[in-house]
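All remarks here apply to the structure that follows.
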2 protein chains.
Amino acid sequence: MLLFMFILYLCNVMAKFQVSILGCGSATPTARHQPSCQVVDFRDKLFMIDCGEGAQLQFRRMGLKFSRLNHIFISHLHGDHMFGLPGLLSTMALHEVTGSVTIHIFKEGARLLKEWMDYFNRNAPFEIIYDVIEEGERRVLYEDSGLTVESFPLYHRTPCTGFLFKEKPKLRHLKGDMVKFHNIPLWQLKSIKEGADFIKEDGTIIPNTMLTTNPDPCISYAYCSDTMFDTRVAESVKGTDTIYHESTYDDSLEQKARERGHSTARQAAKIATLADANRLIIGHFSKRYNSESILMQEAKEEFPNVILANEGLRIDLE
Amino acid sequence: MLLFMFILYLCNVMAKFQVSILGCGSATPTARHQPSCQVVDFRDKLFMIDCGEGAQLQFRRMGLKFSRLNHIFISHLHGDHMFGLPGLLSTMALHEVTGSVTIHIFKEGARLLKEWMDYFNRNAPFEIIYDVIEEGERRVLYEDSGLTVESFPLYHRTPCTGFLFKEKPKLRHLKGDMVKFHNIPLWQLKSIKEGADFIKEDGTIIPNTMLTTNPDPCISYAYCSDTMFDTRVAESVKGTDTIYHESTYDDSLEQKARERGHSTARQAAKIATLADANRLIIGHFSKRYNSESILMQEAKEEFPNVILANEGLRIDLE
């Protein structure tokens with residue numbers, strides 16, 4: 001029974017790919033919304049995207065664990081996307097997090113953060129690594145056996161980058177009866193799951209397609225905030241399952257959106273449509289809205305599957 | 001009627017001297033407490049003391065006005081006392097606060113904050129003035145016609161300063177009947193309220209004590225956080241009406257308090273006793289307490305008039 005529960009736990013961990021919304025307001029914290037912050041949980045590794053003031057408190061409120069957070073991605077150098085970093089990193093030091101925390105950030109942000117951390121966090125038991133993102137860059141910022149995180153350009157008032165989380169291709173599923181029928185030795189199963197054919201002792205080749213079925217699809221998630229409406233964003237995230245796209249304003253403020261380097265909810269939905277996404281999460285709401293229903297409505301007129309971000313919301317990306 | 005209400009409003013404003021507790025936890029924000037931050041309201045001018053992460057949100061929750069905040073006093077350079085500054089000052093810029101904001105802070109704090117503000121807040125419509133506090137200094141940091149704010153040393157792990165808010169001596173009260181009896185001209189009333197005698201045309205001197213009664217007492221408030229127990233603090237705030245003194249721990253952690261440069265609630269109460277204070281506010285609670293009743297109880301064993309700080313609490317200092 002214990003073994004079964006352990007296996008079940010492992011399966012859950014192995015499958016886990018979700019995003020938690022810690023903050024989805026714009027500019028300043030309000031009674032309704034915190035500034036930008038999300039945490040992607042991929043198989044129990046946590047990846048923070050943006051870190052507005054108050055992120056550390058939301059992080060703990062949502063039951064997330066500092067010890068599992070080793071990468072923080074900062075989209076751009078506006079305060080509402082990074083003023084939570086000093087507090088978060090200091091609290092991680094108090095919680096005796098060890099190892100390293102890599103901050104993926106534009107150059108000037110790395111310099112400014114380092115100045116503060118060298119003073120306020122000089123005794124931290126973990127190392128802070130600064131990975132400098134270049135403007136307009138498309139690069140794999142993070143990679144492990146199951147996941148890549150890539151940067152791609154966004155179009156805001158200041159250099160800004162999106163982040164694309166992609167599961168790596170998964171192993172093919174074995175056809176149990178065929179494995180048994182051909183009496184395939186255990187040690188060859190891994191390569192067959194990876195796509196190899198099976199060669200019998202008499203030289204007969206059993207093609208992989210006879211032995212396996214297609215792997216589960218690879219899940220992907222793109223974070224697009226802050227940005228004005230630009231079809232190049234859709235090209236960058238083409239085919240992504242779930243897209244988070246900023247939706248600061250409603251239709252009536254489209255002109256203001258353009259001037260401020262932001263998008264309307266409808267424009268976010270247009271990007272989701274152009275990118276052939278399955279699902280759109282909208283956020284980065286202007287504080288003028290007491291309810292975001294107008295943003296939801298306008299987005300849904302362009303794209304059917306829209307989720308309104310909210311603090312505390314967890315979304316399974318599977 | 002309108003005139004009466006206006007006079008009543010003016011009287012209220014003129015009399016107002018209160019402190020609002022925005023944060024009274026230690027080290028990190030928790031579900032129960034925010035890091036250190038208070039706002040003293042003296043006749044509608046606001047003075048912030050310390051500015052932990054989340055201060056700007058608490059500030060607005062308590063209905064305080066950014067436009068009235070022109071002085072911020074930072075006791076020492078630990079994150080839980082100043083990580084709210086970048087967000088607060090950026091939000092003040094978004095609220096189009098003009099004029100100037102003076103930050104009274106130790107030198108290295110001024111340097112670090114300036115680095116960030118020169119980048120993140122470079123377009124602010126107000127000027128940030130940095131008033132550098134020296135270690136161990138006793139100095140009038142702020143003065144206007146009714147108030148002084150002085151620094152005095154505290155004894156923490158890092159240079160730390162307390163802040164003493166003192167009303168200036170008030171004018172004496174005129175005895176209306178005597179003023180009438182001696183037929184004192186209107187233009188002389190101000191000097192008589194300030195303590196001058198009245199000299200009649202025939203040279204007779206009417207001593208001031210015949211014409212006036214004592215002024216209202218001058219109210220004072222001292223902020224003592226963070227500090228270990230040290231009787232020199234009591235000397236510095238001798239005779240202060242209301243003292244806020246940090247009370248991080250209970251009796252059982254007195255040794256830890258000493259090691260960490262903090263105080264127990266009982267020690268805070270001893271300082272209030274030694275200083276002949278009327279009232280003690282305790283705060284800067286360790287996050288280990290789910291209820292601070294033990295701190296209240298231990299403080300009250302030493303000093304009768306104790307208030308437990310809490311976020312949202314407003315205390316009249318009159």
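Residue numbering restarts at 1 in every chain; chains get A, B, ... in the order shown in the structure tokens, and ligands count up from 1 in that same order.
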Skipping near chain neighbours, those fewer than 5 positions away, what residues fall within 10 Å of Ser225 (chain A) using only C-alpha atoms, listed as a PDB file with C-alpha atoms, in the first residue's frame?
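And here's part-v3.pdb as it stands now:
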```
ATOM      1  CA  SER A  36       3.138  40.941 -11.426  1.00  0.00           C
ATOM      2  CA  ASP A  50       8.571  38.590 -12.297  1.00  0.00           C
ATOM      3  CA  SER A  75      10.727  40.365 -17.876  1.00  0.00           C
ATOM      4  CA  HIS A  76      11.805  44.014 -17.671  1.00  0.00           C
ATOM      5  CA  HIS A  81       7.976  43.576 -11.915  1.00  0.00           C
ATOM      6  CA  LEU A 154       8.263  41.678 -26.299  1.00  0.00           C
ATOM      7  CA  TYR A 155       7.478  45.251 -27.327  1.00  0.00           C
ATOM      8  CA  HIS A 156       7.121  47.592 -24.367  1.00  0.00           C
ATOM      9  CA  CYS A 160      11.221  43.512 -22.328  1.00  0.00           C
ATOM     10  CA  THR A 161      11.316  39.770 -22.752  1.00  0.00           C
ATOM     11  CA  GLY A 162       8.774  36.989 -22.705  1.00  0.00           C
ATOM     12  CA  PHE A 163       9.435  33.496 -21.390  1.00  0.00           C
ATOM     13  CA  TYR A 244      -0.488  34.466 -20.488  1.00  0.00           C
ATOM     14  CA  HIS A 245      -0.806  37.819 -22.218  1.00  0.00           C
ATOM     15  CA  GLU A 246      -1.085  41.178 -20.542  1.00  0.00           C
ATOM     16  CA  SER A 247      -4.484  42.848 -20.920  1.00  0.00           C
ATOM     17  CA  THR A 248      -4.093  46.141 -19.155  1.00  0.00           C
ATOM     18  CA  HIS A 262       0.425  47.844 -23.281  1.00  0.00           C
ATOM     19  CA  SER A 263      -2.390  45.759 -24.784  1.00  0.00           C
ATOM     20  CA  ILE A 282      -5.262  37.499 -19.187  1.00  0.00           C
ATOM     21  CA  GLY A 283      -3.784  39.682 -16.457  1.00  0.00           C
ATOM     22  CA  HIS A 284      -1.795  42.845 -15.643  1.00  0.00           C
TER      23      HIS A 284
END
```
Spatial neighbours of Gly84 (chain A), 8 Å, only C-alpha atoms, chain gap at least 5 places, as a PyMOL selection string
(chain A and resi 51-56) or (chain B and resi 53)
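Closest approach to chain A from the set B:Leu189, B:Ala265, B:Leu94, B:Leu274 is made by B:Leu94, with distances taken over only C-alpha atoms.
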Could you list, as an NGL selection string, the residues of chain B having an atom within 7 Å of chain A when counting only C-alpha atoms?
:B and (28-30 or 53-54 or 57 or 78-79 or 83 or 86-87 or 91 or 112 or 116 or 120)
Would you export the selected residues with N, CA, C and O atoms as a PDB file, in the first residue's frame, please?
```
ATOM      1  N   THR B  28      10.261  39.451   8.469  1.00  0.00           N
ATOM      2  CA  THR B  28       9.582  39.199   7.192  1.00  0.00           C
ATOM      3  C   THR B  28       8.080  39.431   7.343  1.00  0.00           C
ATOM      4  O   THR B  28       7.537  39.274   8.421  1.00  0.00           O
ATOM      5  N   PRO B  29       7.425  39.804   6.233  1.00  0.00           N
ATOM      6  CA  PRO B  29       5.964  39.892   6.290  1.00  0.00           C
ATOM      7  C   PRO B  29       5.364  38.500   6.523  1.00  0.00           C
ATOM      8  O   PRO B  29       5.871  37.510   6.006  1.00  0.00           O
ATOM      9  N   THR B  30       4.330  38.436   7.310  1.00  0.00           N
ATOM     10  CA  THR B  30       3.632  37.170   7.534  1.00  0.00           C
ATOM     11  C   THR B  30       2.140  37.434   7.352  1.00  0.00           C
ATOM     12  O   THR B  30       1.728  38.568   7.110  1.00  0.00           O
ATOM     13  N   GLU B  53       8.663  46.289   3.437  1.00  0.00           N
ATOM     14  CA  GLU B  53       7.939  45.894   2.220  1.00  0.00           C
ATOM     15  C   GLU B  53       6.432  45.868   2.491  1.00  0.00           C
ATOM     16  O   GLU B  53       5.979  45.343   3.500  1.00  0.00           O
ATOM     17  N   GLY B  54       5.683  46.433   1.582  1.00  0.00           N
ATOM     18  CA  GLY B  54       4.222  46.447   1.725  1.00  0.00           C
ATOM     19  C   GLY B  54       3.695  47.725   2.344  1.00  0.00           C
ATOM     20  O   GLY B  54       2.479  47.912   2.465  1.00  0.00           O
ATOM     21  N   LEU B  57       1.013  49.834   0.452  1.00  0.00           N
ATOM     22  CA  LEU B  57      -0.341  49.293   0.429  1.00  0.00           C
ATOM     23  C   LEU B  57      -1.055  49.584   1.749  1.00  0.00           C
ATOM     24  O   LEU B  57      -2.216  50.008   1.768  1.00  0.00           O
ATOM     25  N   HIS B  78      18.397  47.505   7.800  1.00  0.00           N
ATOM     26  CA  HIS B  78      17.962  46.120   7.617  1.00  0.00           C
ATOM     27  C   HIS B  78      16.732  46.141   6.713  1.00  0.00           C
ATOM     28  O   HIS B  78      15.893  47.048   6.816  1.00  0.00           O
ATOM     29  N   GLY B  79      16.659  45.112   5.860  1.00  0.00           N
ATOM     30  CA  GLY B  79      15.629  45.102   4.819  1.00  0.00           C
ATOM     31  C   GLY B  79      14.216  45.298   5.338  1.00  0.00           C
ATOM     32  O   GLY B  79      13.409  45.985   4.707  1.00  0.00           O
ATOM     33  N   PHE B  83      12.744  47.974   2.753  1.00  0.00           N
ATOM     34  CA  PHE B  83      12.482  47.406   1.418  1.00  0.00           C
ATOM     35  C   PHE B  83      11.181  47.917   0.788  1.00  0.00           C
ATOM     36  O   PHE B  83      10.909  47.651  -0.382  1.00  0.00           O
ATOM     37  N   PRO B  86      11.432  51.643  -2.383  1.00  0.00           N
ATOM     38  CA  PRO B  86      11.332  51.801  -3.846  1.00  0.00           C
ATOM     39  C   PRO B  86       9.893  51.821  -4.337  1.00  0.00           C
ATOM     40  O   PRO B  86       9.514  52.667  -5.157  1.00  0.00           O
ATOM     41  N   GLY B  87       9.087  50.901  -3.816  1.00  0.00           N
ATOM     42  CA  GLY B  87       7.683  50.832  -4.236  1.00  0.00           C
ATOM     43  C   GLY B  87       6.903  52.062  -3.802  1.00  0.00           C
ATOM     44  O   GLY B  87       6.139  52.630  -4.593  1.00  0.00           O
ATOM     45  N   THR B  91       5.280  54.724  -6.416  1.00  0.00           N
ATOM     46  CA  THR B  91       3.839  54.952  -6.419  1.00  0.00           C
ATOM     47  C   THR B  91       3.535  56.425  -6.173  1.00  0.00           C
ATOM     48  O   THR B  91       2.610  56.984  -6.772  1.00  0.00           O
ATOM     49  N   LEU B 112      22.508  53.434  -1.587  1.00  0.00           N
ATOM     50  CA  LEU B 112      21.807  52.320  -2.231  1.00  0.00           C
ATOM     51  C   LEU B 112      20.449  52.747  -2.760  1.00  0.00           C
ATOM     52  O   LEU B 112      20.048  52.387  -3.873  1.00  0.00           O
ATOM     53  N   TRP B 116      18.917  53.084  -6.885  1.00  0.00           N
ATOM     54  CA  TRP B 116      17.664  52.531  -7.420  1.00  0.00           C
ATOM     55  C   TRP B 116      16.739  53.635  -7.908  1.00  0.00           C
ATOM     56  O   TRP B 116      16.123  53.513  -8.965  1.00  0.00           O
ATOM     57  N   PHE B 120      14.882  53.797 -11.355  1.00  0.00           N
ATOM     58  CA  PHE B 120      13.455  53.456 -11.428  1.00  0.00           C
ATOM     59  C   PHE B 120      12.531  54.670 -11.308  1.00  0.00           C
ATOM     60  O   PHE B 120      11.373  54.603 -11.698  1.00  0.00           O
TER      61      PHE B 120
END
```
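Minimum atom-to-atom distances from B:Ile103, B:Pro215, B:Leu64, B:Ile307 to Met117 (chain B) were compared using only C-alpha atoms, and the lowest value belongs to B:Ile103.
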Extract the full set of alpha helix (DSSP H) residues from region 34-258 of chain B according to DSSP on the backbone, and format it as an NGL selection string.
:B and (55-61 or 85-94 or 107-120 or 176-181 or 189-193 or 208-211 or 231-236 or 254-258)
Take the residues that were just selected and, keeping C-alpha atoms, output them as a PDB file, in the first residue's frame.
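Below is the file part.pdb, written as the result:
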```pdb
ATOM      1  CA  ALA B  55       4.186  49.870   3.430  1.00  0.00           C
ATOM      2  CA  GLN B  56       2.642  51.625   0.419  1.00  0.00           C
ATOM      3  CA  LEU B  57      -0.341  49.293   0.429  1.00  0.00           C
ATOM      4  CA  GLN B  58      -0.920  49.674   4.166  1.00  0.00           C
ATOM      5  CA  PHE B  59      -0.555  53.433   3.754  1.00  0.00           C
ATOM      6  CA  ARG B  60      -3.428  53.524   1.304  1.00  0.00           C
ATOM      7  CA  ARG B  61      -5.493  51.002   3.237  1.00  0.00           C
ATOM      8  CA  LEU B  85      10.913  52.454  -0.096  1.00  0.00           C
ATOM      9  CA  PRO B  86      11.332  51.801  -3.846  1.00  0.00           C
ATOM     10  CA  GLY B  87       7.683  50.832  -4.236  1.00  0.00           C
ATOM     11  CA  LEU B  88       6.393  53.650  -2.070  1.00  0.00           C
ATOM     12  CA  LEU B  89       8.417  56.327  -3.857  1.00  0.00           C
ATOM     13  CA  SER B  90       7.507  54.963  -7.306  1.00  0.00           C
ATOM     14  CA  THR B  91       3.839  54.952  -6.419  1.00  0.00           C
ATOM     15  CA  MET B  92       4.133  58.511  -5.119  1.00  0.00           C
ATOM     16  CA  ALA B  93       5.556  59.433  -8.522  1.00  0.00           C
ATOM     17  CA  LEU B  94       2.576  57.767 -10.245  1.00  0.00           C
ATOM     18  CA  LYS B 107      24.897  56.998   4.531  1.00  0.00           C
ATOM     19  CA  GLU B 108      25.071  53.592   2.873  1.00  0.00           C
ATOM     20  CA  GLY B 109      21.277  53.431   2.770  1.00  0.00           C
ATOM     21  CA  ALA B 110      21.172  56.800   1.025  1.00  0.00           C
ATOM     22  CA  ARG B 111      23.678  55.560  -1.539  1.00  0.00           C
ATOM     23  CA  LEU B 112      21.807  52.320  -2.231  1.00  0.00           C
ATOM     24  CA  LEU B 113      18.415  53.957  -2.396  1.00  0.00           C
ATOM     25  CA  LYS B 114      19.719  56.706  -4.679  1.00  0.00           C
ATOM     26  CA  GLU B 115      21.113  54.077  -7.072  1.00  0.00           C
ATOM     27  CA  TRP B 116      17.664  52.531  -7.420  1.00  0.00           C
ATOM     28  CA  MET B 117      15.722  55.768  -7.517  1.00  0.00           C
ATOM     29  CA  ASP B 118      18.035  57.286 -10.138  1.00  0.00           C
ATOM     30  CA  TYR B 119      17.032  54.375 -12.336  1.00  0.00           C
ATOM     31  CA  PHE B 120      13.455  53.456 -11.428  1.00  0.00           C
ATOM     32  CA  GLY B 176     -10.052  86.905  29.088  1.00  0.00           C
ATOM     33  CA  ASP B 177     -11.335  88.970  32.004  1.00  0.00           C
ATOM     34  CA  MET B 178      -7.875  90.313  32.852  1.00  0.00           C
ATOM     35  CA  VAL B 179      -7.186  91.237  29.239  1.00  0.00           C
ATOM     36  CA  LYS B 180     -10.426  93.183  29.247  1.00  0.00           C
ATOM     37  CA  PHE B 181      -9.821  94.734  32.658  1.00  0.00           C
ATOM     38  CA  LEU B 189      -1.703  89.756  22.865  1.00  0.00           C
ATOM     39  CA  LYS B 190       0.733  87.564  20.924  1.00  0.00           C
ATOM     40  CA  SER B 191       3.753  88.583  23.012  1.00  0.00           C
ATOM     41  CA  ILE B 192       1.726  88.124  26.204  1.00  0.00           C
ATOM     42  CA  LYS B 193       0.739  84.630  25.098  1.00  0.00           C
ATOM     43  CA  ASN B 208       2.403  87.745  32.818  1.00  0.00           C
ATOM     44  CA  THR B 209       1.202  85.270  35.472  1.00  0.00           C
ATOM     45  CA  MET B 210      -1.647  87.691  36.252  1.00  0.00           C
ATOM     46  CA  LEU B 211      -2.731  87.665  32.613  1.00  0.00           C
ATOM     47  CA  THR B 231      19.258  52.143  30.006  1.00  0.00           C
ATOM     48  CA  ARG B 232      20.823  54.856  27.846  1.00  0.00           C
ATOM     49  CA  VAL B 233      17.704  54.610  25.681  1.00  0.00           C
ATOM     50  CA  ALA B 234      15.595  55.516  28.741  1.00  0.00           C
ATOM     51  CA  GLU B 235      17.835  58.529  29.361  1.00  0.00           C
ATOM     52  CA  SER B 236      17.447  59.646  25.753  1.00  0.00           C
ATOM     53  CA  GLU B 254      16.086  37.056  26.804  1.00  0.00           C
ATOM     54  CA  GLN B 255      19.448  35.550  25.924  1.00  0.00           C
ATOM     55  CA  LYS B 256      18.530  35.375  22.231  1.00  0.00           C
ATOM     56  CA  ALA B 257      17.267  38.954  22.417  1.00  0.00           C
ATOM     57  CA  ARG B 258      20.655  40.124  23.696  1.00  0.00           C
TER      58      ARG B 258
END
```
My list of candidates is A:Arg314, A:Arg288, A:Lys65, A:His33. Which is closest to Lys45 (chain A) when distances are computed with only C-alpha atoms?
A:Lys65
Just the number, please: distance in Å from CA of Glu194 (chain A) to CA of Arg172 (chain A), one decimal.
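Going from CA of Glu194 (chain A) over to CA of Arg172 (chain A), I get 6.3 Å.
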Between CA of Cys24 (chain A) and CA of Arg68 (chain A), distance in Å (one decimal)
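Between CA of Cys24 (chain A) and CA of Arg68 (chain A) the gap works out to 22.3 Å.
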For Phe42 (chain A), the closest of A:Glu143, A:Glu96, A:Glu201, A:Glu302 counting only C-alpha atoms is A:Glu143
